[in-house]
Each structure stands twice: as structure tokens, then as C-alpha cells.
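With compact mmCIF, C-alpha atoms inside, this is entry-v2.txt:
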```txt
# COMPACT_ATOMS: atom_id res chain seq x y z
CA MET J 1 11.83 10.25 -9.26
CA SER J 2 9.74 7.09 -9.37
CA GLU J 3 12.49 4.88 -10.86
CA ALA J 4 13.17 3.28 -7.49
CA TYR J 5 9.64 1.84 -7.35
CA GLU J 6 8.08 -1.03 -9.24
CA PRO J 7 5.38 0.22 -11.61
CA ILE J 8 1.80 -0.78 -10.71
CA LYS J 9 0.80 -3.81 -12.77
CA LYS J 10 -2.59 -4.78 -11.38
CA ILE J 11 -5.36 -3.07 -9.43
CA SER J 12 -8.64 -4.17 -7.88
CA LEU J 13 -11.24 -1.48 -7.30
CA VAL J 14 -14.11 -1.78 -4.85
CA CYS J 15 -17.08 0.37 -5.87
CA SER J 16 -19.39 0.67 -2.87
CA LYS J 17 -21.53 3.75 -3.52
CA GLY J 18 -24.43 4.06 -5.91
CA SER J 19 -24.43 7.81 -6.52
CA LEU J 20 -22.93 9.39 -9.62
CA ASP J 21 -19.98 10.69 -7.61
CA GLY J 22 -19.58 7.23 -6.11
CA VAL J 23 -19.51 5.30 -9.39
CA TYR J 24 -17.55 7.54 -11.74
CA PRO J 25 -14.29 7.60 -9.75
CA SER J 26 -14.11 3.80 -9.94
CA LEU J 27 -14.85 3.76 -13.67
CA ILE J 28 -12.43 6.57 -14.51
CA MET J 29 -9.66 4.95 -12.49
CA ALA J 30 -10.37 1.55 -14.06
CA ASN J 31 -10.36 2.90 -17.59
CA GLY J 32 -7.26 4.99 -16.92
CA ALA J 33 -5.48 1.91 -15.62
CA ARG J 34 -6.27 -0.10 -18.75
CA MET J 35 -4.98 2.82 -20.83
CA GLU J 36 -1.64 2.44 -19.05
CA GLY J 37 -1.59 -1.32 -19.55
CA ILE J 38 -2.52 -2.09 -15.93
CA ASP J 39 -4.78 -5.12 -15.24
CA VAL J 40 -8.10 -4.12 -13.68
CA SER J 41 -10.93 -5.78 -11.80
CA ILE J 42 -13.87 -3.91 -10.28
CA PHE J 43 -15.81 -5.48 -7.44
CA PHE J 44 -19.24 -3.89 -6.94
CA THR J 45 -20.78 -4.00 -3.49
CA PHE J 46 -23.79 -2.51 -1.69
CA PHE J 47 -25.35 0.35 -3.68
CA GLY J 48 -22.29 0.47 -5.92
CA MET J 49 -23.92 -2.55 -7.53
CA ASP J 50 -26.53 -0.24 -9.09
CA ALA J 51 -23.88 0.62 -11.70
CA ILE J 52 -23.99 -2.92 -13.11
CA THR J 53 -27.70 -3.62 -12.47
CA LYS J 54 -29.59 -3.39 -15.78
CA LYS J 55 -32.64 -1.65 -14.30
CA LYS J 56 -30.62 0.94 -12.40
CA MET J 57 -27.45 1.67 -14.38
CA ASN J 58 -29.20 4.31 -16.49
CA LYS J 59 -30.68 6.09 -13.50
CA ILE J 60 -27.68 6.87 -11.34
CA LYS J 61 -27.84 10.39 -9.94
CA ILE J 62 -25.75 12.86 -8.05
CA ALA J 63 -26.83 13.29 -4.42
CA THR J 64 -28.01 16.86 -3.78
CA VAL J 65 -28.91 16.16 -0.15
CA GLY J 66 -26.26 15.35 2.42
CA ASN J 67 -23.50 16.14 -0.06
CA PRO J 68 -21.51 19.10 1.25
CA GLY J 69 -19.44 19.16 -1.94
CA MET J 70 -22.47 20.42 -3.86
CA GLY J 71 -22.53 23.59 -1.74
CA MET J 72 -26.32 23.40 -1.73
CA PRO J 73 -28.51 23.87 1.37
CA THR J 74 -30.39 20.68 2.31
CA TRP J 75 -33.83 22.28 1.77
CA LEU J 76 -32.86 23.27 -1.77
CA GLY J 77 -31.35 19.88 -2.60
CA ALA J 78 -34.52 18.19 -1.39
CA ILE J 79 -36.79 19.95 -3.91
CA PRO J 80 -38.22 17.31 -6.29
CA GLY J 81 -36.26 17.18 -9.52
CA MET J 82 -33.17 18.89 -8.08
CA SER J 83 -31.07 15.74 -8.14
CA ALA J 84 -32.17 14.95 -11.70
CA MET J 85 -31.34 18.49 -12.82
CA ALA J 86 -27.90 18.47 -11.22
CA THR J 87 -27.25 15.06 -12.80
CA SER J 88 -28.30 16.25 -16.22
CA MET J 89 -26.05 19.34 -16.00
CA MET J 90 -23.11 17.27 -14.88
CA SER J 91 -23.70 14.66 -17.59
CA LYS J 92 -23.56 17.34 -20.26
CA THR J 93 -20.24 18.64 -18.95
CA MET J 94 -18.87 15.10 -18.77
CA ASP J 95 -19.94 14.35 -22.32
CA LYS J 96 -17.95 17.38 -23.49
CA LEU J 97 -14.91 15.94 -21.74
CA ASP J 98 -15.54 12.62 -23.49
CA ILE J 99 -16.53 10.88 -20.26
CA PRO J 100 -19.24 8.45 -21.39
CA PRO J 101 -22.55 7.64 -19.66
CA ILE J 102 -22.24 4.73 -17.20
CA PRO J 103 -23.53 1.86 -19.45
CA GLU J 104 -21.24 2.94 -22.32
CA PHE J 105 -18.32 3.41 -19.94
CA ILE J 106 -18.78 -0.14 -18.61
CA GLU J 107 -18.83 -1.52 -22.14
CA MET J 108 -15.70 0.49 -23.00
CA ILE J 109 -13.76 -0.76 -19.95
CA HIS J 110 -14.92 -4.31 -20.66
CA ASP J 111 -13.74 -4.05 -24.28
CA ALA J 112 -10.45 -2.72 -22.93
CA GLY J 113 -10.04 -5.92 -20.90
CA GLY J 114 -11.35 -4.77 -17.49
CA LYS J 115 -13.25 -7.35 -15.44
CA PHE J 116 -16.48 -6.75 -13.51
CA TYR J 117 -17.66 -8.69 -10.47
CA ALA J 118 -20.65 -8.52 -8.10
CA CYS J 119 -20.41 -9.03 -4.35
CA LYS J 120 -22.05 -12.24 -3.09
CA ALA J 121 -23.20 -10.77 0.24
CA THR J 122 -25.02 -7.90 -1.51
CA VAL J 123 -26.50 -10.21 -4.16
CA ASP J 124 -27.94 -12.38 -1.38
CA MET J 125 -29.14 -9.40 0.60
CA PHE J 126 -30.94 -7.75 -2.34
CA GLY J 127 -32.17 -11.06 -3.79
CA LEU J 128 -30.44 -10.56 -7.15
CA THR J 129 -29.26 -13.08 -9.78
CA MET J 130 -26.83 -12.86 -12.71
CA ASP J 131 -29.85 -12.03 -14.90
CA ASP J 132 -30.18 -8.70 -13.12
CA PHE J 133 -26.70 -7.61 -14.22
CA CYS J 134 -25.40 -6.19 -17.47
CA PRO J 135 -23.66 -8.79 -19.68
CA GLN J 136 -20.20 -7.43 -18.88
CA VAL J 137 -20.38 -8.85 -15.34
CA GLU J 138 -18.15 -11.92 -15.16
CA LYS J 139 -19.55 -13.51 -12.01
CA VAL J 140 -20.65 -13.17 -8.40
CA LEU J 141 -17.74 -13.39 -5.98
CA THR J 142 -17.37 -13.94 -2.26
CA VAL J 143 -14.99 -11.63 -0.43
CA GLY J 144 -12.55 -14.53 -0.24
CA ASP J 145 -12.71 -15.05 -4.01
CA PHE J 146 -12.13 -11.34 -4.47
CA TYR J 147 -8.95 -11.41 -2.39
CA ALA J 148 -7.74 -14.53 -4.21
CA LEU J 149 -8.34 -12.85 -7.54
CA SER J 150 -6.54 -9.74 -6.33
CA ALA J 151 -3.26 -11.55 -5.67
CA GLY J 152 -0.44 -9.18 -6.52
CA ALA J 153 -2.84 -6.24 -7.00
CA GLN J 154 -3.24 -2.92 -5.24
CA ILE J 155 -6.75 -2.72 -3.77
CA ILE J 156 -8.54 0.63 -3.96
CA PHE J 157 -11.80 1.25 -2.14
CA THR J 158 -14.10 3.98 -3.41
CA MET Y 1 14.13 17.87 -23.33
CA GLY Y 2 16.82 16.14 -25.31
CA GLU Y 3 17.92 14.77 -28.62
CA LYS Y 4 17.56 11.22 -29.81
CA THR Y 5 18.64 9.43 -32.95
CA ILE Y 6 15.75 7.49 -34.42
CA ALA Y 7 16.07 5.68 -37.77
CA GLY Y 8 19.34 7.53 -38.38
CA LYS Y 9 17.80 10.97 -37.82
CA THR Y 10 18.33 13.30 -34.90
CA VAL Y 11 15.04 14.46 -33.41
CA GLN Y 12 13.94 16.49 -30.38
CA VAL Y 13 12.23 14.45 -27.66
CA ASN Y 14 10.98 15.15 -24.12
CA ASP Y 15 12.09 13.10 -21.12
CA GLU Y 16 9.41 10.49 -21.81
CA GLY Y 17 10.56 10.05 -25.39
CA PHE Y 18 7.69 11.91 -27.06
CA MET Y 19 8.76 13.96 -30.07
CA THR Y 20 8.43 17.69 -29.47
CA ASP Y 21 8.86 18.90 -33.05
CA HIS Y 22 6.37 17.17 -35.31
CA SER Y 23 8.03 18.54 -38.45
CA GLN Y 24 10.90 16.12 -37.78
CA TRP Y 25 8.56 13.09 -37.90
CA ASP Y 26 8.35 10.67 -40.81
CA ARG Y 27 7.10 7.13 -41.42
CA GLU Y 28 10.51 5.53 -40.90
CA ILE Y 29 10.77 7.16 -37.48
CA ALA Y 30 7.27 5.88 -36.70
CA ALA Y 31 8.29 2.33 -37.62
CA GLU Y 32 11.36 2.58 -35.38
CA ILE Y 33 9.41 3.92 -32.36
CA ALA Y 34 6.82 1.15 -32.89
CA LYS Y 35 9.59 -1.45 -32.53
CA GLU Y 36 10.91 0.25 -29.39
CA GLU Y 37 7.40 0.23 -27.90
CA GLY Y 38 7.01 -3.47 -28.58
CA ILE Y 39 4.33 -3.00 -31.24
CA GLY Y 40 6.35 -4.56 -34.06
CA GLU Y 41 5.57 -4.00 -37.74
CA LEU Y 42 3.00 -1.29 -38.43
CA THR Y 43 0.05 -2.61 -40.45
CA ASP Y 44 -2.66 -0.65 -42.29
CA ALA Y 45 -4.82 -0.97 -39.17
CA HIS Y 46 -2.08 0.68 -37.08
CA TRP Y 47 -1.72 3.44 -39.67
CA LYS Y 48 -5.45 4.14 -39.61
CA VAL Y 49 -5.07 5.09 -35.93
CA ILE Y 50 -1.89 7.13 -36.48
CA ASP Y 51 -3.42 8.98 -39.45
CA PHE Y 52 -6.52 9.82 -37.42
CA LEU Y 53 -4.48 11.12 -34.46
CA GLN Y 54 -2.44 13.38 -36.72
CA LYS Y 55 -5.47 14.66 -38.63
CA ASP Y 56 -7.44 15.29 -35.45
CA PHE Y 57 -4.54 17.03 -33.74
CA ALA Y 58 -3.97 19.22 -36.80
CA GLU Y 59 -7.65 20.20 -36.88
CA ASN Y 60 -8.27 20.74 -33.16
CA GLY Y 61 -4.87 21.50 -31.69
CA THR Y 62 -5.46 19.00 -28.86
CA MET Y 63 -4.90 15.28 -28.56
CA PRO Y 64 -8.10 13.25 -28.95
CA SER Y 65 -9.31 11.00 -26.11
CA LEU Y 66 -9.47 7.25 -26.61
CA ARG Y 67 -13.24 7.55 -26.89
CA ARG Y 68 -12.84 10.06 -29.69
CA VAL Y 69 -10.56 7.68 -31.56
CA THR Y 70 -13.29 5.04 -31.35
CA LYS Y 71 -16.19 7.36 -32.23
CA ALA Y 72 -14.73 9.83 -34.73
CA GLY Y 73 -11.80 7.66 -35.85
CA GLY Y 74 -13.93 4.54 -36.29
CA VAL Y 75 -11.57 2.11 -34.56
CA PRO Y 76 -13.38 0.01 -31.90
CA THR Y 77 -11.99 -0.12 -28.34
CA LYS Y 78 -11.16 -3.84 -28.55
CA GLU Y 79 -9.21 -3.34 -31.76
CA LEU Y 80 -7.27 -0.38 -30.31
CA TYR Y 81 -6.11 -2.51 -27.39
CA ALA Y 82 -5.25 -5.40 -29.73
CA LEU Y 83 -3.23 -3.14 -32.04
CA TYR Y 84 -1.42 -1.25 -29.28
CA PRO Y 85 -1.27 -3.51 -26.23
CA GLY Y 86 -0.13 -1.95 -22.97
CA GLY Y 87 -1.39 1.58 -23.65
CA PRO Y 88 -3.27 2.21 -26.89
CA LEU Y 89 -3.48 5.99 -26.84
CA LYS Y 90 -0.09 6.69 -25.30
CA LYS Y 91 1.79 4.33 -27.62
CA SER Y 92 -0.02 5.34 -30.81
CA SER Y 93 0.53 9.04 -29.99
CA LYS Y 94 4.22 8.45 -29.43
CA ILE Y 95 4.54 6.59 -32.74
CA ALA Y 96 2.57 9.37 -34.47
CA GLY Y 97 5.17 11.87 -33.28
CA LEU Y 98 2.61 13.73 -31.19
CA LEU Y 99 2.42 14.82 -27.58
CA LYS Y 100 1.41 12.58 -24.72
CA PRO Y 101 -2.40 12.69 -24.37
CA GLU Y 102 -3.47 14.71 -21.34
CA SER Y 103 -7.03 13.50 -20.95
CA CYS Y 104 -7.95 10.99 -18.20
CA VAL Y 105 -10.26 9.12 -20.52
```

Any chance you could put this one into C-alpha cells?
Amino acid sequence: MSEAYEPIKKISLVCSKGSLDGVYPSLIMANGARMEGIDVSIFFTFFGMDAITKKKMNKIKIATVGNPGMGMPTWLGAIPGMSAMATSMMSKTMDKLDIPPIPEFIEMIHDAGGKFYACKATVDMFGLTMDDFCPQVEKVLTVGDFYALSAGAQIIFT
Amino acid sequence: MGEKTIAGKTVQVNDEGFMTDHSQWDREIAAEIAKEEGIGELTDAHWKVIDFLQKDFAENGTMPSLRRVTKAGGVPTKELYALYPGGPLKKSSKIAGLLKPESCV
């Protein structure tokens, strides 16, 4: 069995996609890690940063176009309101499974000791400041800072 | 599956040390498992969590998620992690003599 291996003690997640199916895997893995006593940092980059941006974190949707997993023809997915409807249906199912909405999930992981960081390159590119982020965000990090902070961690890119 | 002697009593446990027969559980066993898990002495705050887990499991037949413990059990996330460091739901469930929680959240 796994006895021969050292248990995972620390992970760093990179959340790079801003769709619902891009953000949730990072959050579920981060929360699950804290529940096992594993140290967690999440580094948000590119559109993944929407998950920690105050104005956008409540509006994250599932992509119904260009998402083969949805099994939906492009023309159907492109109908106005389709993405919102699919998101709403999925959110209801998730709530039943006790998977919280994104802002609550971020608060929960933060309360559990998880750390949130924003990517410097993306912050510069989008012209953002710390004021644009939810209060759980620790600071803006360069890639170098992120690697330094991830010493001894497993890095997972989502 | 196997047997283990906890607090002088022989109980049935699975290979991860979770008790498989809840009727064998008592508060002395809970105190002993808490020590083994590095939690130390069980305070009233610890018991509030254990009592909720047992009540909720008895009512629903499934282990509650951590979120349910915070919402329905009334113990905030921060407090849960402070009371049961290193795995709040897993450790409290083990001490409560219940199964390992199967939810990912």
C-alpha cells in the first residue's frame, strides 16, 4: 500500500481558469487538503483570478460553448441565457452535496487556514489592485515568490 | 477489520482504526481515541461536535459534511480546526465512534 511513501504535507494550487468548472476543482482540492491536515496555498492567475475578484466572484458560470463535456451543440450553448441556466442547475445540485457557492467556499477555506494569492503578471495586465480582491487574499505574488512560498510543496495546476 | 483494546475494552475497528460497531462506543473510549489522535483532553467544545455528529448520523444515516457541522451544528469552521487540528471531520468522527466521512467537502 502507500506506507512506503511520505504523506503529502503541503500543496500549492494554481487556478488559471475563470469558468465554474475551472474554479471549483481548485477550491474542492484545497478544502479537501485542509480537511486532511495538509497546508494549502492557492495562486490565482489569468481568468482564474475572477474567483477572488469582488465584482466577479458571484458571477462565475459554466461554459456552454466550446465545452465538449457539456454534450451540447455549439448553437444551443450559444443561446442567450443558456450558460446562466446551466450554472443555476449545477449550483442547485452542488448545494445539495454541501458544496458552497464560490464566495462562501473561499471564506471556508480561509477559515480552515488556506492561503490565497494573486498573480502579479495578471494584476498588472488587468490593471487591478488589492482593493479589487476579496479580503481573504493575502497578497500579490510574482512567480518567483510563488515558487519560494511553495518550498517543499506539491504544485498542482488546474 | 480487526479488534482493538481501547480503554480496557475490546472493540471492532476497520483497518484505519474507525469503530465499526457503534454500540461498543462509550465516553471513555472517546477520551482514549482523542489522546491517540493527538487531541488531548476532550472539552465541552469538543463534545458539542461529537454530540452533533452522533445525533446527525442517527437521524440521517449518513455522516455530515464539514459544512453541515458548521451550519446545522453551529460550530464555526475556525473553531473546528482549532479543536481538531490536522483533520477536523475525520478525527472527530473517529472519536465519536462513527464511520470515516465519505464526502469530499

Inset, instruction - Please identify all polymer residues lying at most 12 Å from the point (-7.4, 8.5, -29.0) (file coordinates), using all atoms listed in the file, and present the result as a count of residues only. - result: 48

Legend entry - Protein and nucleic acid residues near (-4.2, -3.2, -18.1) (cut-off 9 Å, all atoms listed in the file) as a PyMOL selection string: (chain J and resi 9-11+30-40+112-114) or (chain Y and resi 85-87)

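The space between CA of Ser88 in chain J and CA of Met70 in chain J spans 14.3 Å.
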
Legend entry - Spatial neighbours of Leu42 in chain Y, 7 Å, all atoms listed in the file, chain gap at least 3 places, as a ChimeraX atom specification: /Y:31,46-47

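We find CA of Lys61 in chain J and CA of Ala86 in chain J to be spaced 8.2 Å apart.
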
Inset, instruction - Would you work out the distance separating CA of Tyr117 in chain J from CA of Ala148 in chain J, expressed in Å to one decimal? - result: 13.1 Å

Legend entry - Residue nearest Phe46 in chain J among J:Phe133, J:Tyr147, J:Phe126, J:Phe105 (counting only C-alpha atoms): J:Phe126

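Between chain Y and the residues J:Gln136, J:Gly81, J:Tyr5, J:Glu107, the shortest atom-to-atom distance, using only C-alpha atoms, involves J:Glu107.
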
Inset, instruction - For Lys120 in chain J, please output as a PyMOL selection string all residues within 8 Å (counting all atoms listed in the file; exclusion window: fewer than 3 positions along the same chain). - result: chain J and resi 123-124+140-143

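Distance check against chain Y using all atoms listed in the file: of J:Asp21, J:Asp95, J:Glu6, J:Asp131, the minimum falls on J:Asp95.
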
Legend entry - Selected residue, from J:Phe157, J:Gly127, J:Ile79, J:Pro25, that lies nearest to chain Y when counting all atoms listed in the file: J:Pro25

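Among the candidates J:Val23, J:Met29, J:Met85, J:Asn58, the residue lying nearest to chain Y is J:Met29 (atoms considered: all atoms listed in the file).
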
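Omitting Val65 in chain J and its sequence neighbours fewer than 2 positions away, and counting only C-alpha atoms, the residues within 7 Å are Ala63, Asn67, Thr74, Gly77 and Ala78 of chain J.
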
Legend entry - Pick from J:Ile106, J:Met94, J:Ala153, J:Ile99, whichever lies nearest to Pro7 in chain J using all atoms listed in the file: J:Ala153

What's the 12 Å shell around Ala118 in chain J, counting only C-alpha atoms, without same-chain residues fewer than 4 positions away, as a PDB file with C-alpha atoms, keeping the file's coordinate frame?
```pdb
ATOM      1  CA  LEU J  13     -11.240  -1.480  -7.300  1.00  0.00           C
ATOM      2  CA  VAL J  14     -14.110  -1.780  -4.850  1.00  0.00           C
ATOM      3  CA  CYS J  15     -17.080   0.370  -5.870  1.00  0.00           C
ATOM      4  CA  SER J  16     -19.390   0.670  -2.870  1.00  0.00           C
ATOM      5  CA  SER J  41     -10.930  -5.780 -11.800  1.00  0.00           C
ATOM      6  CA  ILE J  42     -13.870  -3.910 -10.280  1.00  0.00           C
ATOM      7  CA  PHE J  43     -15.810  -5.480  -7.440  1.00  0.00           C
ATOM      8  CA  PHE J  44     -19.240  -3.890  -6.940  1.00  0.00           C
ATOM      9  CA  THR J  45     -20.780  -4.000  -3.490  1.00  0.00           C
ATOM     10  CA  PHE J  46     -23.790  -2.510  -1.690  1.00  0.00           C
ATOM     11  CA  PHE J  47     -25.350   0.350  -3.680  1.00  0.00           C
ATOM     12  CA  GLY J  48     -22.290   0.470  -5.920  1.00  0.00           C
ATOM     13  CA  MET J  49     -23.920  -2.550  -7.530  1.00  0.00           C
ATOM     14  CA  ASP J  50     -26.530  -0.240  -9.090  1.00  0.00           C
ATOM     15  CA  ALA J  51     -23.880   0.620 -11.700  1.00  0.00           C
ATOM     16  CA  ILE J  52     -23.990  -2.920 -13.110  1.00  0.00           C
ATOM     17  CA  THR J  53     -27.700  -3.620 -12.470  1.00  0.00           C
ATOM     18  CA  THR J 122     -25.020  -7.900  -1.510  1.00  0.00           C
ATOM     19  CA  VAL J 123     -26.500 -10.210  -4.160  1.00  0.00           C
ATOM     20  CA  ASP J 124     -27.940 -12.380  -1.380  1.00  0.00           C
ATOM     21  CA  PHE J 126     -30.940  -7.750  -2.340  1.00  0.00           C
ATOM     22  CA  LEU J 128     -30.440 -10.560  -7.150  1.00  0.00           C
ATOM     23  CA  THR J 129     -29.260 -13.080  -9.780  1.00  0.00           C
ATOM     24  CA  MET J 130     -26.830 -12.860 -12.710  1.00  0.00           C
ATOM     25  CA  ASP J 131     -29.850 -12.030 -14.900  1.00  0.00           C
ATOM     26  CA  ASP J 132     -30.180  -8.700 -13.120  1.00  0.00           C
ATOM     27  CA  PHE J 133     -26.700  -7.610 -14.220  1.00  0.00           C
ATOM     28  CA  CYS J 134     -25.400  -6.190 -17.470  1.00  0.00           C
ATOM     29  CA  PRO J 135     -23.660  -8.790 -19.680  1.00  0.00           C
ATOM     30  CA  GLN J 136     -20.200  -7.430 -18.880  1.00  0.00           C
ATOM     31  CA  VAL J 137     -20.380  -8.850 -15.340  1.00  0.00           C
ATOM     32  CA  GLU J 138     -18.150 -11.920 -15.160  1.00  0.00           C
ATOM     33  CA  LYS J 139     -19.550 -13.510 -12.010  1.00  0.00           C
ATOM     34  CA  VAL J 140     -20.650 -13.170  -8.400  1.00  0.00           C
ATOM     35  CA  LEU J 141     -17.740 -13.390  -5.980  1.00  0.00           C
ATOM     36  CA  THR J 142     -17.370 -13.940  -2.260  1.00  0.00           C
ATOM     37  CA  VAL J 143     -14.990 -11.630  -0.430  1.00  0.00           C
ATOM     38  CA  ASP J 145     -12.710 -15.050  -4.010  1.00  0.00           C
ATOM     39  CA  PHE J 146     -12.130 -11.340  -4.470  1.00  0.00           C
TER      40      PHE J 146
END
```
